[in-house]
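This report refers to the structure that appears directly beneath it.
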Amino acid sequence: MIAMMRLITYNATMTSTTATKESVTLDPLSRDLLGLIGAHDAEAAGIMAAEAERQATTLELIASENHVSTTVMHAMGSWLTNKYAEGYPGKRYYGGCEFHDQIEDLARDRAKKLFNCGFANVQPHSGANANIAAFMGLLKPGDTVLSLPIKSGGHLSHGLKPNFSGTFFNIVDYDLDPKTELLDYDAIEKIALECKPQMIICGYSAYPREIDFKRFREIADKVDAYLMADIAHIAGLVASGVHPSPFPHAHVVTTTTHKTLRGPRGGLILSDDEEIAKKMDRKVFPGSQGGPLMHIIAAKAIAFGEALKPEFKTYSEQIVKNARALADGLNEAGYRLCSGGTDNHLMLVDLQPRDKDLTGADAEKWLESAGIIVNKNGIPNDPRPPMVTSGLRLGTPALTSRGMQESEMREVASLLDKVMGASGDTATCEQVREEVRTLCAKFPLFH
Ligand SMILES: *Cc1c(COP(=O)(O)O)cnc(C)c1O
């Protein structure tokens with residue numbers, strides 16, 4: 001019912017020339033789209049309208065999320081979804097692929113240019129799927145993989161037990177230095193020499209500092225292992241030169257396209273080694289996927305084109321400046337940041353020094369009620385279980401896409417502290433919710 005009413009608001013906005021303050025203004029194509037869907041399926045359109053409003057009126061601080069351009073967004077909703085294009089450009093299993101070859105070539109060429117490497121496979125449906133292909137291409141079942149576990153900032157596709165990686169491979173963990181909370185390369189080398197892995201993985205989901213890819217390659221070479229760099233989180237920063245590149249050090253580089261790279265939800269595999277490149281192509285298709293998502297590949301081509309422009313470098317630099325400003329603001333309010341700060345787009349906040357009873361789960365829930373979207377996250381050696389945790393992971397890619405800068409980050413830090421400092425008191429959350437709405441209105445999302 002609420003969803004239906006929202007849709008009516010949208011339809012009204014759509015037809016009136018002056019949008020009311022309360023209703024979220026969508027970009028013209030999205031407005032038409034919602035009208036079209038609404039005319040055929042009011043129930044689905046109502047829910048979609050509600051989500052547009054949620055995104056436009058809340059502060060998105062989840063480090064793995066972003067707001068794509070309207071160009072990228074609408075390319076995903078295109079007729080390119082209608083085609084089966086199993087295979088690769090020039091070698092398809094279906095007729096009618098002329099323009100699909102062209103768009104996939106465009107995406108591959110732009111990806112290679114963006115990351116300065118000789119090979120790109122743009123077909124993985126997601127980051128986890130890219131990793132499946134990389135494991136299959138470089139390893140045999142039962143081989144040993146050395147990686148950082150999820151509890152310390154790694155990703156589930158790097159060896160978590162219930163995942164394919166932990167099911168079919170022998171996973172050995174390395175960890176962060178417990179004191180500095182930084183990668184300890186000497187310790188990693190020592191474990192590598194002991195366990196003799198076939199592959200070492202670097203690249204993480206919750207590591208706020210720079211990765212020394214060169215040092216990782218030296219370790220890999222000592223034990224004759226492949227080095228896989230999963231740059232899912234930092235791909236946009238790498239593409240912009242704001243974080244060092246894994247090339248020429250990594251044998252294979254996997255990534256998502258939807259985090260700091262600000263493209264459609266999907267995966268990407270890169271390499272500079274011709275033999276590995278052939279293996280990656282075979283393990284994506286037919287190894288682990290069927291038909292590619294050609295509408296997503298078109299959106300990837302467009303997103304890579306955007307990332308090749310000078311404005312994207314400015315954007316990436318601003319992400320990092322914003323992360324520093326947010327970190328400073330939190331630090332001043334009494335929160336401890338794991339490893340002492342951030343070099344990239346994200347930070348891990350240890351809530352305990354501010355309030356030893358404050359949990360990540362409570363903070364996440366209270367902040368959501370105030371319109372601030374975050375995720376609870378374990379801190380290194382967290383005494384609490386993963387569904388509770390003592391920390392938050394915060395990232396600035398999405399707010400930076402809205403145009404926010406350092407002064408807004410300081411305001412966001414103070415809003416975060418207001419909610420957590422009041423232990424989620426309802427009146428405080430409601431008051432902050434209004435402040436969040438006002439801030440969001442200054443940085444419209446859909447235009
Ligand atoms: C997000 C992430 C992935 C997985 O991406 P999905 O598209 O969700 O499958 C893989 N590796 C790392 C390090 C990530 O942070």
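Residues in the structure tokens are named by chain (A, B, ... in the order shown) and by number from 1 within that chain; ligands are numbered from 1 in the order shown.
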Grab me every residue within 9 Å of ligand 1, counting only C-alpha atoms and all ligand atoms, and send it over as a ChimeraX atom specification. /A:64,125-131,153-158,202-206,229-234,254-259,265-267
Please report, as a tab-separated table, each residue of segment 66-175 of chain A lying at most 12 Å from segment 236-241 of chain A, together with the nearest pair of atoms and the separation in Å rounded to one decimal; use only C-alpha atoms, and order rows by chain and ascending residue number.
residue	atom	partner	partner_atom	distance
A:Asn66	CA	A:Gly236	CA	11.1
A:Arg110	CA	A:Ala239	CA	11.1
A:Ala111	CA	A:Ala239	CA	9.3
A:Lys112	CA	A:Ala239	CA	10.3
A:Lys113	CA	A:Ala239	CA	9.3
A:Leu114	CA	A:Ala239	CA	5.7
A:Phe115	CA	A:Ala239	CA	5.7
A:Asn116	CA	A:Ala239	CA	8.7
A:Cys117	CA	A:Ala239	CA	11.3
Just to be explicit: take each residue in the selection above, keep all heavy atoms, and write the result as a tab-separated table (two decimals), in the first residue's frame.
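Full text of result14.tsv as output:
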chain	number	residue	atom	x	y	z
A	66	ASN	N	28.37	2.07	-4.69
A	66	ASN	CA	28.59	3.31	-5.40
A	66	ASN	C	27.31	3.70	-6.13
A	66	ASN	O	26.35	2.92	-6.16
A	66	ASN	CB	29.76	3.15	-6.40
A	66	ASN	CG	30.52	4.45	-6.59
A	66	ASN	OD1	29.97	5.54	-6.45
A	66	ASN	ND2	31.79	4.34	-6.93
A	110	ARG	N	39.04	-1.14	-23.83
A	110	ARG	CA	39.07	-0.07	-22.84
A	110	ARG	C	39.61	-0.57	-21.50
A	110	ARG	O	40.34	0.14	-20.81
A	110	ARG	CB	37.68	0.54	-22.66
A	110	ARG	CG	37.30	1.40	-23.84
A	110	ARG	CD	35.91	1.99	-23.67
A	110	ARG	NE	35.58	2.87	-24.77
A	110	ARG	CZ	34.38	3.45	-24.93
A	110	ARG	NH1	33.40	3.20	-24.06
A	110	ARG	NH2	34.15	4.24	-25.94
A	111	ALA	N	39.25	-1.80	-21.12
A	111	ALA	CA	39.76	-2.36	-19.85
A	111	ALA	C	41.28	-2.49	-19.91
A	111	ALA	O	41.98	-2.16	-18.95
A	111	ALA	CB	39.11	-3.72	-19.57
A	112	LYS	N	41.80	-2.96	-21.04
A	112	LYS	CA	43.26	-3.12	-21.19
A	112	LYS	C	43.96	-1.77	-21.09
A	112	LYS	O	45.01	-1.64	-20.47
A	112	LYS	CB	43.59	-3.79	-22.53
A	112	LYS	CG	43.22	-5.26	-22.56
A	112	LYS	CD	43.71	-5.94	-23.84
A	112	LYS	CE	42.71	-5.82	-24.96
A	112	LYS	NZ	43.12	-6.58	-26.17
A	113	LYS	N	43.37	-0.77	-21.73
A	113	LYS	CA	43.95	0.57	-21.71
A	113	LYS	C	43.91	1.15	-20.28
A	113	LYS	O	44.89	1.72	-19.79
A	113	LYS	CB	43.15	1.46	-22.66
A	113	LYS	CG	43.84	2.73	-23.03
A	113	LYS	CD	43.17	3.39	-24.23
A	113	LYS	CE	43.69	4.80	-24.40
A	113	LYS	NZ	42.75	5.65	-25.14
A	114	LEU	N	42.78	0.94	-19.62
A	114	LEU	CA	42.58	1.47	-18.28
A	114	LEU	C	43.58	0.91	-17.29
A	114	LEU	O	44.09	1.62	-16.42
A	114	LEU	CB	41.15	1.14	-17.85
A	114	LEU	CG	40.51	1.83	-16.66
A	114	LEU	CD1	40.56	3.33	-16.80
A	114	LEU	CD2	39.06	1.36	-16.51
A	115	PHE	N	43.85	-0.40	-17.40
A	115	PHE	CA	44.74	-1.05	-16.44
A	115	PHE	C	46.13	-1.32	-17.01
A	115	PHE	O	46.95	-1.94	-16.36
A	115	PHE	CB	44.09	-2.33	-15.90
A	115	PHE	CG	42.89	-2.04	-15.03
A	115	PHE	CD1	41.61	-2.10	-15.55
A	115	PHE	CD2	43.06	-1.67	-13.71
A	115	PHE	CE1	40.50	-1.81	-14.77
A	115	PHE	CE2	41.97	-1.38	-12.91
A	115	PHE	CZ	40.68	-1.44	-13.43
A	116	ASN	N	46.33	-0.88	-18.25
A	116	ASN	CA	47.64	-0.98	-18.88
A	116	ASN	C	48.16	-2.43	-18.89
A	116	ASN	O	49.23	-2.73	-18.37
A	116	ASN	CB	48.62	-0.06	-18.14
A	116	ASN	CG	49.85	0.24	-18.95
A	116	ASN	OD1	49.85	-0.01	-20.17
A	116	ASN	ND2	50.88	0.73	-18.31
A	117	CYS	N	47.35	-3.32	-19.48
A	117	CYS	CA	47.75	-4.72	-19.55
A	117	CYS	C	47.29	-5.31	-20.89
A	117	CYS	O	46.55	-4.66	-21.63
A	117	CYS	CB	47.15	-5.51	-18.38
A	117	CYS	SG	45.35	-5.55	-18.40
Give the alpha helix (DSSP H) residues of segment 341-400 of chain A, as DSSP finds them on the backbone, and put them as JSON, numbers by chain. {"A": [360, 361, 362, 363, 364, 365, 366, 367, 368, 369, 397, 398, 399, 400]}
Using C-alpha atoms, can you write the selected residues to a file as a PDB file, in the first residue's frame?
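out-v5.pdb, freshly written:
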ATOM      1  CA  GLY A 360      28.760  -3.065  15.276  1.00  0.00           C
ATOM      2  CA  ALA A 361      25.299  -4.622  15.003  1.00  0.00           C
ATOM      3  CA  ASP A 362      23.657  -1.994  17.242  1.00  0.00           C
ATOM      4  CA  ALA A 363      25.474   0.867  15.533  1.00  0.00           C
ATOM      5  CA  GLU A 364      24.407  -0.385  12.084  1.00  0.00           C
ATOM      6  CA  LYS A 365      20.767  -0.618  13.157  1.00  0.00           C
ATOM      7  CA  TRP A 366      20.646   2.784  14.873  1.00  0.00           C
ATOM      8  CA  LEU A 367      22.428   4.511  12.009  1.00  0.00           C
ATOM      9  CA  GLU A 368      20.020   2.997   9.488  1.00  0.00           C
ATOM     10  CA  SER A 369      17.111   4.468  11.432  1.00  0.00           C
ATOM     11  CA  PRO A 397      33.030   6.173  -2.952  1.00  0.00           C
ATOM     12  CA  ALA A 398      29.240   6.680  -3.006  1.00  0.00           C
ATOM     13  CA  LEU A 399      29.139  10.007  -1.160  1.00  0.00           C
ATOM     14  CA  THR A 400      31.975  11.264  -3.355  1.00  0.00           C
TER      15      THR A 400
END
Spatial neighbours of Arg437 of chain A, 9 Å, only C-alpha atoms, chain gap at least 5 places, as a list in words: Ala56, Thr57, Thr58, Leu59, Gly371, Val432 and Lys442 of chain A
Export of the given selection (all heavy atoms) as a PDB file, in the first residue's frame:
ATOM      1  N   ALA A  56      18.129   8.114  -2.630  1.00  0.00           N
ATOM      2  CA  ALA A  56      18.298   9.563  -2.769  1.00  0.00           C
ATOM      3  C   ALA A  56      18.325  10.282  -1.429  1.00  0.00           C
ATOM      4  O   ALA A  56      18.927  11.346  -1.304  1.00  0.00           O
ATOM      5  CB  ALA A  56      17.190  10.133  -3.648  1.00  0.00           C
ATOM      6  N   THR A  57      17.702   9.698  -0.408  1.00  0.00           N
ATOM      7  CA  THR A  57      17.547  10.432   0.858  1.00  0.00           C
ATOM      8  C   THR A  57      18.361   9.854   2.014  1.00  0.00           C
ATOM      9  O   THR A  57      18.157  10.228   3.169  1.00  0.00           O
ATOM     10  CB  THR A  57      16.060  10.481   1.289  1.00  0.00           C
ATOM     11  OG1 THR A  57      15.623   9.134   1.523  1.00  0.00           O
ATOM     12  CG2 THR A  57      15.187  11.127   0.240  1.00  0.00           C
ATOM     13  N   THR A  58      19.262   8.920   1.700  1.00  0.00           N
ATOM     14  CA  THR A  58      20.125   8.383   2.757  1.00  0.00           C
ATOM     15  C   THR A  58      21.593   8.548   2.363  1.00  0.00           C
ATOM     16  O   THR A  58      21.914   8.724   1.188  1.00  0.00           O
ATOM     17  CB  THR A  58      19.849   6.884   3.034  1.00  0.00           C
ATOM     18  OG1 THR A  58      20.002   6.144   1.820  1.00  0.00           O
ATOM     19  CG2 THR A  58      18.443   6.665   3.569  1.00  0.00           C
ATOM     20  N   LEU A  59      22.459   8.479   3.376  1.00  0.00           N
ATOM     21  CA  LEU A  59      23.901   8.591   3.150  1.00  0.00           C
ATOM     22  C   LEU A  59      24.478   7.191   3.019  1.00  0.00           C
ATOM     23  O   LEU A  59      24.415   6.397   3.952  1.00  0.00           O
ATOM     24  CB  LEU A  59      24.558   9.322   4.322  1.00  0.00           C
ATOM     25  CG  LEU A  59      24.172  10.797   4.492  1.00  0.00           C
ATOM     26  CD1 LEU A  59      24.738  11.332   5.819  1.00  0.00           C
ATOM     27  CD2 LEU A  59      24.670  11.629   3.320  1.00  0.00           C
ATOM     28  N   GLY A 371      19.064   7.168   8.755  1.00  0.00           N
ATOM     29  CA  GLY A 371      19.322   7.415   7.335  1.00  0.00           C
ATOM     30  C   GLY A 371      20.783   7.330   6.935  1.00  0.00           C
ATOM     31  O   GLY A 371      21.178   7.820   5.879  1.00  0.00           O
ATOM     32  N   VAL A 432      18.563  13.384  13.561  1.00  0.00           N
ATOM     33  CA  VAL A 432      19.653  13.163  12.589  1.00  0.00           C
ATOM     34  C   VAL A 432      19.072  12.789  11.221  1.00  0.00           C
ATOM     35  O   VAL A 432      19.572  13.231  10.184  1.00  0.00           O
ATOM     36  CB  VAL A 432      20.636  12.084  13.098  1.00  0.00           C
ATOM     37  CG1 VAL A 432      21.642  11.703  12.020  1.00  0.00           C
ATOM     38  CG2 VAL A 432      21.360  12.569  14.348  1.00  0.00           C
ATOM     39  N   LYS A 442      20.931  18.534  -0.886  1.00  0.00           N
ATOM     40  CA  LYS A 442      21.931  19.436  -1.496  1.00  0.00           C
ATOM     41  C   LYS A 442      22.772  18.712  -2.549  1.00  0.00           C
ATOM     42  O   LYS A 442      23.463  19.352  -3.342  1.00  0.00           O
ATOM     43  CB  LYS A 442      22.869  19.975  -0.400  1.00  0.00           C
ATOM     44  CG  LYS A 442      22.264  21.092   0.411  1.00  0.00           C
ATOM     45  CD  LYS A 442      23.363  21.805   1.199  1.00  0.00           C
ATOM     46  CE  LYS A 442      23.133  21.649   2.686  1.00  0.00           C
ATOM     47  NZ  LYS A 442      24.263  21.999   3.517  1.00  0.00           N
TER      48      LYS A 442
END
Contacts of Val72 of chain A at 12 Å (only C-alpha atoms; same-chain gap of 2+ positions) as number ranges by chain: A: 67-70, 74-78, 257-258, 261-265, 295-307
Expected file contents, prior selection, N, CA and C atoms, as a PDB file, in the first residue's frame:
ATOM      1  N   HIS A  67      27.283   4.896  -6.690  1.00  0.00           N
ATOM      2  CA  HIS A  67      26.151   5.333  -7.511  1.00  0.00           C
ATOM      3  C   HIS A  67      26.657   5.481  -8.940  1.00  0.00           C
ATOM      4  N   VAL A  68      26.148   4.662  -9.866  1.00  0.00           N
ATOM      5  CA  VAL A  68      26.626   4.733 -11.256  1.00  0.00           C
ATOM      6  C   VAL A  68      26.032   5.952 -11.955  1.00  0.00           C
ATOM      7  N   SER A  69      26.640   6.322 -13.067  1.00  0.00           N
ATOM      8  CA  SER A  69      26.091   7.401 -13.895  1.00  0.00           C
ATOM      9  C   SER A  69      24.768   6.922 -14.492  1.00  0.00           C
ATOM     10  N   THR A  70      23.932   7.861 -14.890  1.00  0.00           N
ATOM     11  CA  THR A  70      22.671   7.458 -15.529  1.00  0.00           C
ATOM     12  C   THR A  70      22.963   6.726 -16.845  1.00  0.00           C
ATOM     13  N   HIS A  74      21.358   3.079 -17.456  1.00  0.00           N
ATOM     14  CA  HIS A  74      20.369   2.775 -18.487  1.00  0.00           C
ATOM     15  C   HIS A  74      20.897   1.818 -19.551  1.00  0.00           C
ATOM     16  N   ALA A  75      22.224   1.769 -19.733  1.00  0.00           N
ATOM     17  CA  ALA A  75      22.784   0.776 -20.670  1.00  0.00           C
ATOM     18  C   ALA A  75      22.440  -0.632 -20.182  1.00  0.00           C
ATOM     19  N   MET A  76      22.365  -0.792 -18.864  1.00  0.00           N
ATOM     20  CA  MET A  76      22.049  -2.116 -18.296  1.00  0.00           C
ATOM     21  C   MET A  76      20.619  -2.535 -18.609  1.00  0.00           C
ATOM     22  N   GLY A  77      19.743  -1.556 -18.770  1.00  0.00           N
ATOM     23  CA  GLY A  77      18.344  -1.890 -19.045  1.00  0.00           C
ATOM     24  C   GLY A  77      18.044  -1.883 -20.535  1.00  0.00           C
ATOM     25  N   SER A  78      18.990  -2.325 -21.351  1.00  0.00           N
ATOM     26  CA  SER A  78      18.823  -2.201 -22.804  1.00  0.00           C
ATOM     27  C   SER A  78      18.544  -3.534 -23.483  1.00  0.00           C
ATOM     28  N   THR A 257      33.437  -4.709 -11.047  1.00  0.00           N
ATOM     29  CA  THR A 257      33.381  -3.457 -11.809  1.00  0.00           C
ATOM     30  C   THR A 257      32.465  -2.431 -11.136  1.00  0.00           C
ATOM     31  N   HIS A 258      31.860  -2.803 -10.004  1.00  0.00           N
ATOM     32  CA  HIS A 258      30.807  -1.948  -9.436  1.00  0.00           C
ATOM     33  C   HIS A 258      31.184  -1.229  -8.147  1.00  0.00           C
ATOM     34  N   LEU A 261      35.277   1.379  -9.074  1.00  0.00           N
ATOM     35  CA  LEU A 261      35.323   1.559 -10.538  1.00  0.00           C
ATOM     36  C   LEU A 261      34.011   2.149 -11.088  1.00  0.00           C
ATOM     37  N   ARG A 262      32.943   2.087 -10.305  1.00  0.00           N
ATOM     38  CA  ARG A 262      31.676   2.755 -10.588  1.00  0.00           C
ATOM     39  C   ARG A 262      31.027   2.322 -11.904  1.00  0.00           C
ATOM     40  N   GLY A 263      31.136   1.021 -12.178  1.00  0.00           N
ATOM     41  CA  GLY A 263      30.468   0.480 -13.358  1.00  0.00           C
ATOM     42  C   GLY A 263      29.287  -0.379 -12.949  1.00  0.00           C
ATOM     43  N   PRO A 264      28.773  -1.174 -13.888  1.00  0.00           N
ATOM     44  CA  PRO A 264      27.658  -2.072 -13.574  1.00  0.00           C
ATOM     45  C   PRO A 264      28.118  -3.189 -12.640  1.00  0.00           C
ATOM     46  N   ARG A 265      27.180  -3.832 -11.960  1.00  0.00           N
ATOM     47  CA  ARG A 265      27.513  -4.953 -11.086  1.00  0.00           C
ATOM     48  C   ARG A 265      28.096  -6.083 -11.941  1.00  0.00           C
ATOM     49  N   HIS A 295      24.169  -6.940 -22.037  1.00  0.00           N
ATOM     50  CA  HIS A 295      23.752  -5.596 -21.611  1.00  0.00           C
ATOM     51  C   HIS A 295      24.687  -5.059 -20.530  1.00  0.00           C
ATOM     52  N   ILE A 296      25.169  -5.966 -19.667  1.00  0.00           N
ATOM     53  CA  ILE A 296      26.122  -5.565 -18.629  1.00  0.00           C
ATOM     54  C   ILE A 296      27.484  -5.268 -19.253  1.00  0.00           C
ATOM     55  N   ILE A 297      27.848  -6.046 -20.264  1.00  0.00           N
ATOM     56  CA  ILE A 297      29.135  -5.809 -20.936  1.00  0.00           C
ATOM     57  C   ILE A 297      29.108  -4.448 -21.649  1.00  0.00           C
ATOM     58  N   ALA A 298      27.967  -4.088 -22.224  1.00  0.00           N
ATOM     59  CA  ALA A 298      27.848  -2.753 -22.832  1.00  0.00           C
ATOM     60  C   ALA A 298      28.043  -1.675 -21.757  1.00  0.00           C
ATOM     61  N   ALA A 299      27.426  -1.893 -20.602  1.00  0.00           N
ATOM     62  CA  ALA A 299      27.571  -0.916 -19.509  1.00  0.00           C
ATOM     63  C   ALA A 299      29.009  -0.883 -18.994  1.00  0.00           C
ATOM     64  N   LYS A 300      29.684  -2.053 -18.999  1.00  0.00           N
ATOM     65  CA  LYS A 300      31.106  -2.070 -18.609  1.00  0.00           C
ATOM     66  C   LYS A 300      31.911  -1.214 -19.588  1.00  0.00           C
ATOM     67  N   ALA A 301      31.671  -1.376 -20.893  1.00  0.00           N
ATOM     68  CA  ALA A 301      32.400  -0.586 -21.900  1.00  0.00           C
ATOM     69  C   ALA A 301      32.218   0.904 -21.617  1.00  0.00           C
ATOM     70  N   ILE A 302      30.981   1.292 -21.313  1.00  0.00           N
ATOM     71  CA  ILE A 302      30.693   2.706 -21.063  1.00  0.00           C
ATOM     72  C   ILE A 302      31.369   3.180 -19.769  1.00  0.00           C
ATOM     73  N   ALA A 303      31.305   2.353 -18.736  1.00  0.00           N
ATOM     74  CA  ALA A 303      31.943   2.720 -17.460  1.00  0.00           C
ATOM     75  C   ALA A 303      33.462   2.828 -17.621  1.00  0.00           C
ATOM     76  N   PHE A 304      34.062   1.918 -18.384  1.00  0.00           N
ATOM     77  CA  PHE A 304      35.520   1.997 -18.594  1.00  0.00           C
ATOM     78  C   PHE A 304      35.843   3.278 -19.368  1.00  0.00           C
ATOM     79  N   GLY A 305      34.979   3.629 -20.308  1.00  0.00           N
ATOM     80  CA  GLY A 305      35.159   4.884 -21.045  1.00  0.00           C
ATOM     81  C   GLY A 305      35.125   6.078 -20.094  1.00  0.00           C
ATOM     82  N   GLU A 306      34.204   6.044 -19.144  1.00  0.00           N
ATOM     83  CA  GLU A 306      34.127   7.130 -18.148  1.00  0.00           C
ATOM     84  C   GLU A 306      35.405   7.162 -17.296  1.00  0.00           C
ATOM     85  N   ALA A 307      35.877   5.964 -16.925  1.00  0.00           N
ATOM     86  CA  ALA A 307      37.050   5.899 -16.036  1.00  0.00           C
ATOM     87  C   ALA A 307      38.331   6.333 -16.754  1.00  0.00           C
TER      88      ALA A 307
END
Selection: 7 Å around segment 409-417 of chain A, only C-alpha atoms, excl. self and same-chain fewer than 2 positions, as an NGL selection string: :A and (322 or 325-326 or 329-330 or 333 or 405-407 or 419-421 or 432)
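Distance-wise, atom CA of Lys151 of chain A and atom CA of Asp175 of chain A end up 9.5 Å apart.
Counting only C-alpha atoms and comparing A:Val242, A:Ile373, A:Leu351, A:Thr359, the residue that lies closest to Lys313 of chain A is A:Val242.
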